[in-house]
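Okay, structure_1.json is below, JSON, C-alpha atoms and all ligand atoms:
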[["chain", "number", "residue", "atom", "x", "y", "z"],
["A", 194, "MET", "CA", 96.26, 96.72, 112.31],
["A", 195, "ARG", "CA", 94.45, 94.07, 114.35],
["A", 196, "ILE", "CA", 93.48, 90.80, 112.66],
["A", 197, "ASP", "CA", 91.38, 88.10, 114.34],
["A", 198, "VAL", "CA", 91.07, 84.69, 112.66],
["A", 199, "VAL", "CA", 88.44, 82.14, 113.71],
["A", 200, "THR", "CA", 89.04, 78.54, 112.57],
["A", 201, "ILE", "CA", 88.68, 74.94, 113.69],
["A", 202, "PHE", "CA", 92.37, 74.43, 112.69],
["A", 203, "PRO", "CA", 94.41, 77.12, 114.49],
["A", 204, "GLU", "CA", 97.65, 75.22, 113.59],
["A", 205, "TYR", "CA", 96.89, 75.89, 109.91],
["A", 206, "LEU", "CA", 97.72, 79.56, 110.52],
["A", 207, "ALA", "CA", 101.21, 78.83, 111.92],
["A", 208, "PRO", "CA", 102.94, 80.25, 108.78],
["A", 209, "LEU", "CA", 101.77, 83.71, 109.87],
["A", 210, "ASP", "CA", 104.70, 83.62, 112.35],
["A", 211, "LEU", "CA", 107.18, 83.52, 109.44],
["A", 212, "SER", "CA", 108.87, 85.95, 107.09],
["A", 213, "LEU", "CA", 107.48, 89.48, 106.57],
["A", 214, "ILE", "CA", 104.19, 88.80, 108.36],
["A", 215, "GLY", "CA", 106.02, 87.34, 111.38],
["A", 216, "LYS", "CA", 108.31, 90.37, 111.40],
["A", 217, "ALA", "CA", 105.32, 92.76, 111.21],
["A", 218, "ARG", "CA", 103.92, 91.03, 114.31],
["A", 219, "ARG", "CA", 107.21, 91.26, 116.21],
["A", 220, "ASP", "CA", 107.54, 94.93, 115.17],
["A", 221, "GLY", "CA", 104.06, 95.68, 116.58],
["A", 222, "ILE", "CA", 102.63, 96.65, 113.14],
["A", 223, "LEU", "CA", 100.30, 93.64, 113.12],
["A", 224, "ASP", "CA", 98.37, 92.41, 116.17],
["A", 225, "LEU", "CA", 97.19, 88.94, 115.09],
["A", 226, "HIS", "CA", 94.94, 86.67, 117.16],
["A", 227, "VAL", "CA", 93.96, 83.15, 116.06],
["A", 228, "HIS", "CA", 90.93, 81.60, 117.80],
["A", 229, "ASP", "CA", 89.65, 78.02, 117.85],
["A", 230, "LEU", "CA", 85.94, 77.99, 116.98],
["A", 231, "ARG", "CA", 85.49, 74.94, 119.22],
["A", 232, "THR", "CA", 86.15, 77.22, 122.22],
["A", 233, "TRP", "CA", 82.51, 78.22, 121.78],
["A", 234, "THR", "CA", 80.96, 74.73, 121.76],
["A", 235, "HIS", "CA", 79.44, 73.20, 124.90],
["A", 236, "ASP", "CA", 78.89, 69.52, 124.12],
["A", 237, "ARG", "CA", 81.26, 66.63, 124.80],
["A", 238, "HIS", "CA", 82.17, 66.28, 121.11],
["A", 239, "ARG", "CA", 82.66, 70.04, 120.60],
["A", 240, "THR", "CA", 80.32, 69.84, 117.58],
["A", 241, "VAL", "CA", 80.51, 72.62, 114.97],
["A", 242, "ASP", "CA", 78.56, 70.99, 112.10],
["A", 243, "ASP", "CA", 75.30, 69.21, 111.30],
["A", 244, "THR", "CA", 73.47, 67.80, 108.26],
["A", 245, "PRO", "CA", 71.89, 70.29, 105.80],
["A", 246, "LEU", "CA", 68.21, 71.11, 106.35],
["A", 247, "GLY", "CA", 66.33, 69.99, 103.26],
["A", 248, "GLY", "CA", 68.83, 67.20, 102.61],
["A", 249, "GLY", "CA", 71.88, 67.03, 100.41],
["A", 250, "ALA", "CA", 75.52, 66.06, 100.59],
["A", 251, "GLY", "CA", 78.04, 67.07, 103.24],
["A", 252, "MET", "CA", 77.72, 69.04, 106.44],
["A", 253, "VAL", "CA", 76.88, 72.65, 107.33],
["A", 254, "MET", "CA", 78.49, 74.69, 110.11],
["A", 255, "LYS", "CA", 76.04, 75.32, 112.95],
["A", 256, "PRO", "CA", 75.14, 78.95, 113.75],
["A", 257, "GLU", "CA", 75.50, 78.86, 117.56],
["A", 258, "PRO", "CA", 79.31, 78.47, 117.88],
["A", 259, "TRP", "CA", 79.82, 81.18, 115.24],
["A", 260, "ALA", "CA", 77.47, 83.65, 116.99],
["A", 261, "GLU", "CA", 79.23, 83.06, 120.32],
["A", 262, "ALA", "CA", 82.64, 83.32, 118.68],
["A", 263, "PHE", "CA", 81.82, 86.69, 117.10],
["A", 264, "ALA", "CA", 80.34, 88.03, 120.37],
["A", 265, "ALA", "CA", 83.55, 87.13, 122.24],
["A", 266, "VAL", "CA", 86.06, 88.13, 119.53],
["A", 267, "LEU", "CA", 84.33, 91.44, 118.79],
["A", 268, "SER", "CA", 84.09, 92.35, 122.44],
["A", 269, "ALA", "CA", 87.76, 91.51, 123.11],
["A", 270, "GLY", "CA", 88.75, 93.48, 120.01],
["A", 271, "ARG", "CA", 86.72, 96.53, 121.08],
["A", 272, "GLU", "CA", 88.38, 96.30, 124.49],
["A", 273, "ALA", "CA", 91.80, 96.51, 122.81],
["A", 274, "GLN", "CA", 91.02, 98.85, 119.89],
["A", 275, "GLY", "CA", 88.57, 101.21, 121.61],
["A", 276, "ALA", "CA", 84.78, 101.14, 121.88],
["A", 277, "ASP", "CA", 84.26, 102.90, 118.51],
["A", 278, "ALA", "CA", 86.44, 100.46, 116.54],
["A", 279, "HIS", "CA", 84.58, 98.91, 113.59],
["A", 280, "PRO", "CA", 85.72, 95.52, 112.29],
["A", 281, "LEU", "CA", 85.34, 94.33, 108.72],
["A", 282, "ILE", "CA", 84.20, 90.70, 108.96],
["A", 283, "ILE", "CA", 85.51, 88.62, 106.05],
["A", 284, "PHE", "CA", 84.38, 85.14, 104.98],
["A", 285, "PRO", "CA", 86.50, 83.51, 102.25],
["A", 286, "ASN", "CA", 83.98, 81.68, 100.11],
["A", 287, "PRO", "CA", 84.01, 80.34, 96.54],
["A", 288, "ALA", "CA", 80.65, 82.12, 96.06],
["A", 289, "GLY", "CA", 82.08, 85.49, 97.18],
["A", 290, "ALA", "CA", 83.07, 88.58, 95.18],
["A", 291, "PRO", "CA", 86.54, 88.37, 93.59],
["A", 292, "PHE", "CA", 89.43, 89.32, 95.91],
["A", 293, "ALA", "CA", 91.90, 91.44, 93.91],
["A", 294, "GLN", "CA", 94.85, 93.81, 94.46],
["A", 295, "ALA", "CA", 92.38, 96.72, 94.80],
["A", 296, "THR", "CA", 90.62, 94.81, 97.61],
["A", 297, "ALA", "CA", 93.97, 94.27, 99.34],
["A", 298, "GLN", "CA", 94.79, 98.01, 98.97],
["A", 299, "ASP", "CA", 91.43, 98.96, 100.47],
["A", 300, "TRP", "CA", 91.67, 96.52, 103.39],
["A", 301, "SER", "CA", 95.30, 97.45, 104.16],
["A", 302, "GLN", "CA", 93.96, 100.83, 105.36],
["A", 303, "ARG", "CA", 91.53, 99.31, 107.88],
["A", 304, "GLU", "CA", 92.24, 99.15, 111.58],
["A", 305, "TRP", "CA", 90.63, 95.80, 112.25],
["A", 306, "LEU", "CA", 89.81, 92.72, 110.17],
["A", 307, "VAL", "CA", 88.05, 89.58, 111.42],
["A", 308, "LEU", "CA", 88.58, 86.56, 109.12],
["A", 309, "ALA", "CA", 86.24, 83.60, 109.55],
["A", 310, "CYS", "CA", 87.21, 80.21, 108.09],
["A", 311, "GLY", "CA", 84.31, 78.04, 106.97],
["A", 312, "ARG", "CA", 84.76, 74.28, 106.51],
["A", 313, "TYR", "CA", 82.47, 71.57, 105.15],
["A", 314, "GLU", "CA", 79.87, 72.77, 102.64],
["A", 315, "GLY", "CA", 79.59, 76.17, 104.29],
["A", 316, "ILE", "CA", 78.16, 78.14, 107.21],
["A", 317, "ASP", "CA", 74.45, 78.46, 108.09],
["A", 318, "GLU", "CA", 73.20, 81.53, 106.16],
["A", 319, "ARG", "CA", 71.65, 83.07, 109.29],
["A", 320, "VAL", "CA", 75.14, 83.82, 110.66],
["A", 321, "TYR", "CA", 75.67, 86.41, 107.88],
["A", 322, "GLU", "CA", 72.17, 87.85, 108.40],
["A", 323, "HIS", "CA", 72.73, 88.14, 112.15],
["A", 324, "LEU", "CA", 76.06, 89.99, 111.73],
["A", 325, "ALA", "CA", 74.57, 92.39, 109.19],
["A", 326, "ASP", "CA", 71.56, 93.00, 111.51],
["A", 327, "GLN", "CA", 74.03, 93.89, 114.26],
["A", 328, "GLY", "CA", 75.31, 96.64, 111.97],
["A", 329, "HIS", "CA", 78.58, 94.94, 111.00],
["A", 330, "GLU", "CA", 80.26, 95.21, 107.62],
["A", 331, "VAL", "CA", 80.44, 91.71, 106.16],
["A", 332, "ALA", "CA", 82.36, 90.67, 103.02],
["A", 333, "LEU", "CA", 82.34, 87.29, 101.25],
["A", 334, "VAL", "CA", 85.38, 87.01, 98.97],
["A", 335, "SER", "CA", 86.68, 84.38, 96.56],
["A", 336, "LEU", "CA", 90.31, 83.86, 95.51],
["A", 337, "GLY", "CA", 89.26, 82.39, 92.16],
["A", 338, "ASP", "CA", 86.97, 79.90, 90.49],
["A", 339, "TYR", "CA", 87.92, 76.76, 92.39],
["A", 340, "VAL", "CA", 86.95, 75.11, 95.67],
["A", 341, "LEU", "CA", 89.14, 74.54, 98.75],
["A", 342, "ASN", "CA", 88.44, 72.31, 101.75],
["A", 343, "GLY", "CA", 88.21, 75.33, 104.03],
["A", 344, "GLY", "CA", 88.89, 79.04, 104.32],
["A", 345, "GLU", "CA", 92.29, 78.67, 106.04],
["A", 346, "VAL", "CA", 94.48, 78.73, 102.91],
["A", 347, "ALA", "CA", 92.47, 81.68, 101.60],
["A", 348, "VAL", "CA", 93.04, 83.51, 104.92],
["A", 349, "LEU", "CA", 96.79, 82.96, 104.57],
["A", 350, "ALA", "CA", 96.71, 84.44, 101.06],
["A", 351, "ILE", "CA", 94.45, 87.38, 101.99],
["A", 352, "THR", "CA", 96.48, 88.21, 105.10],
["A", 353, "GLU", "CA", 99.74, 88.22, 103.14],
["A", 354, "ALA", "CA", 98.30, 90.32, 100.29],
["A", 355, "VAL", "CA", 96.89, 92.88, 102.76],
["A", 356, "VAL", "CA", 99.63, 93.07, 105.41],
["A", 357, "ARG", "CA", 102.50, 93.53, 102.92],
["A", 358, "LEU", "CA", 100.78, 96.78, 101.80],
["A", 359, "ILE", "CA", 100.86, 98.31, 105.29],
["A", 360, "PRO", "CA", 103.60, 100.98, 105.34],
["A", 361, "GLY", "CA", 106.76, 99.64, 106.97],
["A", 362, "VAL", "CA", 106.11, 95.95, 106.26],
["A", 363, "VAL", "CA", 107.81, 95.69, 102.85],
["A", 364, "GLY", "CA", 111.14, 97.56, 103.01],
["A", 365, "ASN", "CA", 111.19, 99.03, 99.51],
["A", 366, "ALA", "CA", 107.96, 100.96, 98.86],
["A", 367, "ALA", "CA", 108.84, 101.27, 95.14],
["A", 368, "SER", "CA", 108.69, 97.48, 94.73],
["A", 369, "LEU", "CA", 104.99, 97.63, 95.70],
["A", 370, "VAL", "CA", 104.33, 100.18, 92.94],
["A", 371, "GLU", "CA", 106.18, 98.27, 90.19],
["A", 372, "GLU", "CA", 104.84, 94.75, 90.70],
["A", 373, "SER", "CA", 102.15, 92.85, 88.78],
["A", 374, "HIS", "CA", 98.58, 94.17, 89.13],
["A", 375, "SER", "CA", 99.56, 97.45, 90.81],
["A", 376, "ASP", "CA", 98.97, 99.34, 87.52],
["A", 377, "GLY", "CA", 96.45, 96.91, 86.05],
["A", 378, "LEU", "CA", 99.03, 95.09, 83.89],
["A", 379, "LEU", "CA", 101.18, 92.00, 84.48],
["A", 380, "GLU", "CA", 104.80, 92.61, 85.39],
["A", 381, "TYR", "CA", 107.47, 92.75, 82.65],
["A", 382, "PRO", "CA", 110.15, 89.98, 82.52],
["A", 383, "LEU", "CA", 113.01, 90.32, 85.00],
["A", 384, "TYR", "CA", 116.73, 89.55, 84.55],
["A", 385, "THR", "CA", 119.81, 89.67, 86.76],
["A", 386, "ARG", "CA", 123.52, 88.84, 86.32],
["A", 387, "PRO", "CA", 125.13, 87.14, 84.50],
["A", 388, "ALA", "CA", 123.98, 89.07, 81.40],
["A", 389, "SER", "CA", 125.15, 86.08, 79.33],
["A", 390, "TRP", "CA", 124.17, 82.77, 80.95],
["A", 391, "THR", "CA", 124.91, 79.27, 79.67],
["A", 392, "ASP", "CA", 122.06, 77.06, 80.82],
["A", 393, "PRO", "CA", 122.63, 73.43, 81.99],
["A", 394, "ALA", "CA", 121.86, 72.17, 78.46],
["A", 395, "GLY", "CA", 124.70, 74.29, 77.04],
["A", 396, "THR", "CA", 122.50, 76.98, 75.44],
["A", 397, "VAL", "CA", 123.82, 80.53, 75.79],
["A", 398, "ARG", "CA", 121.00, 82.82, 76.92],
["A", 399, "GLU", "CA", 121.53, 86.57, 76.69],
["A", 400, "ALA", "CA", 119.55, 89.09, 78.71],
["A", 401, "PRO", "CA", 117.91, 91.69, 76.43],
["A", 402, "PRO", "CA", 120.77, 94.09, 75.50],
["A", 403, "ILE", "CA", 118.57, 97.17, 76.06],
["A", 404, "LEU", "CA", 118.70, 96.45, 79.82],
["A", 405, "LEU", "CA", 122.49, 97.03, 79.70],
["A", 406, "SER", "CA", 122.18, 100.25, 77.66],
["A", 407, "GLY", "CA", 121.82, 102.63, 80.61],
["A", 408, "ASP", "CA", 119.07, 104.47, 78.66],
["A", 409, "HIS", "CA", 116.36, 104.65, 81.33],
["A", 410, "GLY", "CA", 113.74, 106.13, 79.00],
["A", 411, "ARG", "CA", 114.09, 103.33, 76.44],
["A", 412, "ILE", "CA", 114.21, 100.70, 79.20],
["A", 413, "ALA", "CA", 110.94, 102.02, 80.67],
["A", 414, "ALA", "CA", 109.28, 101.99, 77.21],
["A", 415, "TRP", "CA", 110.52, 98.42, 76.54],
["A", 416, "ARG", "CA", 109.20, 97.20, 79.91],
["A", 417, "ARG", "CA", 105.84, 98.85, 79.31],
["A", 418, "GLU", "CA", 105.53, 97.10, 75.94],
["A", 419, "GLN", "CA", 106.54, 93.75, 77.47],
["A", 420, "SER", "CA", 103.88, 94.21, 80.18],
["A", 421, "ARG", "CA", 101.25, 94.96, 77.58],
["A", 422, "ARG", "CA", 102.23, 91.98, 75.39],
["A", 423, "ARG", "CA", 102.26, 89.60, 78.36],
["A", 424, "THR", "CA", 98.90, 90.88, 79.57],
["A", 425, "ARG", "CA", 97.42, 90.51, 76.05],
["A", 426, "GLU", "CA", 98.67, 86.91, 75.84],
["A", 427, "ARG", "CA", 97.92, 85.68, 79.36],
["A", 428, "ARG", "CA", 95.20, 87.95, 80.73],
["A", 429, "PRO", "CA", 93.36, 89.74, 77.91],
["A", 430, "ASP", "CA", 90.48, 90.28, 80.35],
["A", 431, "LEU", "CA", 92.65, 92.90, 82.14],
["A", 432, "LEU", "CA", 93.07, 95.10, 79.02],
["A", 433, "PRO", "CA", 90.58, 97.77, 77.93],
["A", 434, "ALA", "CA", 88.25, 96.43, 75.21],
["A", 435, "ASP", "CA", 89.68, 98.90, 72.64],
["A", 436, "ASP", "CA", 93.30, 97.67, 73.08],
["A", 437, "GLU", "CA", 94.59, 97.06, 69.57],
["A", 438, "GLY", "CA", 97.79, 95.17, 70.26],
["A", 439, "PRO", "CA", 101.06, 95.97, 68.43],
["A", 440, "ALA", "CA", 100.89, 98.07, 65.24],
["A", 441, "PRO", "CA", 101.25, 95.82, 62.14],
["A", 442, "LEU", "CA", 104.62, 96.02, 60.35],
["A", 443, "GLY", "CA", 105.00, 98.03, 57.08],
["A", 501, "LIG", "C1", 86.06, 77.10, 101.77],
["A", 501, "LIG", "O1", 86.58, 78.19, 101.07],
["A", 501, "LIG", "C2", 86.83, 78.02, 99.75],
["A", 501, "LIG", "O2", 86.66, 76.96, 99.20],
["A", 501, "LIG", "C3", 87.32, 79.21, 99.00],
["A", 501, "LIG", "C4", 87.57, 80.41, 99.65],
["A", 501, "LIG", "C5", 87.98, 81.49, 98.88],
["A", 501, "LIG", "N1", 88.15, 81.39, 97.55],
["A", 501, "LIG", "C6", 87.92, 80.23, 96.93],
["A", 501, "LIG", "N2", 88.08, 80.21, 95.60],
["A", 501, "LIG", "C7", 87.50, 79.12, 97.63]]
Could you show the structure in this file as structure tokens?
Amino acid sequence: MRIDVVTIFPEYLAPLDLSLIGKARRDGILDLHVHDLRTWTHDRHRTVDDTPLGGGAGMVMKPEPWAEAFAAVLSAGREAQGADAHPLIIFPNPAGAPFAQATAQDWSQREWLVLACGRYEGIDERVYEHLADQGHEVALVSLGDYVLNGGEVAVLAITEAVVRLIPGVVGNAASLVEESHSDGLLEYPLYTRPASWTDPAGTVREAPPILLSGDHGRIAAWRREQSRRRTRERRPDLLPADDEGPAPLG
């Protein structure tokens, strides 16, 4: 997979050299290019923003550097990926559609993603219109209902969520199937040795005995019930509307 990131803070993306993502790059699974938007400014101050037309607080990112950036990045990408390569152009934005595990699954199968980091109040709307007019697929996605100072942190999160799903990036494929959100429920509680642990306050804490029983059928049923209970308590919005909860006793 090729990923291009356009930002005014290329150093913000330095963590993408680390851990599993860094290894995917060194292994040739991920071809990542980070670009400084200011490359495509032409004034002495390398200006990327201006005041909002119509008035209001803050600054808006100017369309010209973005249009030039996309022309250059898309043409370099086509050179590398082949003339018929089609990028998905992604703008992290608090007003976007929710980014979820299903989105990550979908995007992990694409050949080429271009991630564009907005700063200030946002990017001039005509940039999106222009890209769509050029026939590009454009997606605005939100990580949740809160505001960040810029798209960079969202790009780190999106890149990690997507790249770890590419075959060969996470060693144990089964761990991708079992984790939270992969089956629409939250993950069950996890335990490791020692089975009996005395915490620093002196309290003895036992792992659930069923996990030591060796009965894989009962363990699977217990975990499923724990997942359902946890999801009901913390994220009822993830459960089907007709979910009844545990059967009453007696
Ligand atoms: C500037 O970008 C944001 O503030 C942002 C991006 C993606 N998701 C959010 N919830 C916020």
Suppose you want the space between atom CA of A:Glu371 and atom CA of A:Ile351; what is it in Å?
-> 19.9 Å
Around ligand LIG 501 (chain A), at most 12 Å away and counting only C-alpha atoms and all ligand atoms, which residues are there? Put them as a PyMOL selection string, please.
-> chain A and resi 200+253-254+283-293+308-316+332-351
Top pick for closest residue to A:Ala264, considering A:Val320, A:Leu213, A:Leu223, A:Val241 and counting all atoms listed in the file | A:Val320
Which neighbours of A:His323 fall inside 12 Å, counting all atoms listed in the file, when residues of the same chain fewer than 6 positions from it are skipped, and could you give them as a PyMOL selection string?
-> chain A and resi 256-257+259-261+263-264+317+329-331
Based on the selection just made, write C-alpha atoms of those residues as an mmCIF file, keeping the file's coordinate frame.
data_model
loop_
_atom_site.group_PDB
_atom_site.id
_atom_site.type_symbol
_atom_site.label_atom_id
_atom_site.label_comp_id
_atom_site.auth_asym_id
_atom_site.auth_seq_id
_atom_site.Cartn_x
_atom_site.Cartn_y
_atom_site.Cartn_z
ATOM 1 C CA PRO A 256 75.140 78.950 113.750
ATOM 2 C CA GLU A 257 75.500 78.860 117.560
ATOM 3 C CA TRP A 259 79.820 81.180 115.240
ATOM 4 C CA ALA A 260 77.470 83.650 116.990
ATOM 5 C CA GLU A 261 79.230 83.060 120.320
ATOM 6 C CA PHE A 263 81.820 86.690 117.100
ATOM 7 C CA ALA A 264 80.340 88.030 120.370
ATOM 8 C CA ASP A 317 74.450 78.460 108.090
ATOM 9 C CA HIS A 329 78.580 94.940 111.000
ATOM 10 C CA GLU A 330 80.260 95.210 107.620
ATOM 11 C CA VAL A 331 80.440 91.710 106.160
#
Calculate how many Å separate atom CA of A:Ala262 from atom CA of A:Val227, rounding to one decimal.
->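 Interatomic distance here is 11.6 Å.
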Using all atoms listed in the file, what residues lie at most 6 Å away from (89.8, 73.1, 118.9) (file coordinates), given as an NGL selection string?
-> :A and (201 or 229 or 231)
Size and centre in Å, one decimal, axis-aligned box, all listed stretch 274-285 of chain A atoms plus 5 Å per side, as JSON:
{"center_x": 87.6, "center_y": 93.2, "center_z": 112.1, "size_x": 16.8, "size_y": 29.4, "size_z": 29.6}
Grab the atom CA of A:Thr232 to atom CA of A:Pro245 distance for me, in Å with one decimal place.
-> 22.8 Å
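Contact shell of A:Gly215 at 12 Å (all atoms listed in the file; same-chain neighbours under 4 positions omitted): A:Leu206, A:Ala207, A:Pro208, A:Leu209, A:Asp210, A:Leu211, A:Arg219, A:Asp220, A:Gly221, A:Ile222, A:Leu223, A:Asp224, A:Leu225, A:Thr352, A:Glu353, A:Val356, A:Arg357, A:Val362.
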Rank A:Gly249, A:Pro360, A:Pro203, A:Pro401 by their smallest atom-to-atom distance to A:Tyr384, using all atoms listed in the file, and report the top residue only.
-> A:Pro401
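Selecting by distance to (97.3, 98.0, 89.6) with a limit of 12 Å and using all atoms listed in the file, one obtains Ala293, Gln294, Ala295, Thr296, Ala297, Gln298, Leu369, Val370, Glu371, Glu372, Ser373, His374, Ser375, Asp376, Gly377, Leu378, Leu379, Glu380, Leu431 and Leu432 of chain A.
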Choose the residue, out of A:Lys255, A:Thr396, A:Gly410, A:Val266, that has the smallest atom-to-atom separation from A:Asp243; count all atoms listed in the file.
->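 When distances to A:Asp243 are compared using all atoms listed in the file, the smallest one comes from A:Lys255.
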With all atoms listed in the file as the atoms that count, which of A:Thr244, A:Pro280, A:Pro433, A:Ala400 lies nearest to A:Gly328?
->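 Once distances to A:Gly328 are computed over all atoms listed in the file, the minimum belongs to A:Pro280.
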Listing only residues of stretch 339-379 of chain A within 7 Å of stretch 299-307 of chain A, what is the closest atom pair and its distance in Å (to one decimal) for each, using all atoms listed in the file, sorted by chain and residue number ascending, as JSON lines?
{"residue": "A:Val355", "atom": "CA", "partner": "A:Ser301", "partner_atom": "CA", "distance": 5.0}
{"residue": "A:Val356", "atom": "CA", "partner": "A:Ser301", "partner_atom": "CA", "distance": 6.3}
{"residue": "A:Leu358", "atom": "CA", "partner": "A:Ser301", "partner_atom": "CA", "distance": 6.0}
{"residue": "A:Ile359", "atom": "CA", "partner": "A:Ser301", "partner_atom": "CA", "distance": 5.7}
Write a file of the selected residues as an mmCIF file, in the coordinates of the input, keeping C-alpha atoms.
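File written: result.cif
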data_model
loop_
_atom_site.group_PDB
_atom_site.id
_atom_site.type_symbol
_atom_site.label_atom_id
_atom_site.label_comp_id
_atom_site.auth_asym_id
_atom_site.auth_seq_id
_atom_site.Cartn_x
_atom_site.Cartn_y
_atom_site.Cartn_z
ATOM 1 C CA VAL A 355 96.890 92.880 102.760
ATOM 2 C CA VAL A 356 99.630 93.070 105.410
ATOM 3 C CA LEU A 358 100.780 96.780 101.800
ATOM 4 C CA ILE A 359 100.860 98.310 105.290
#
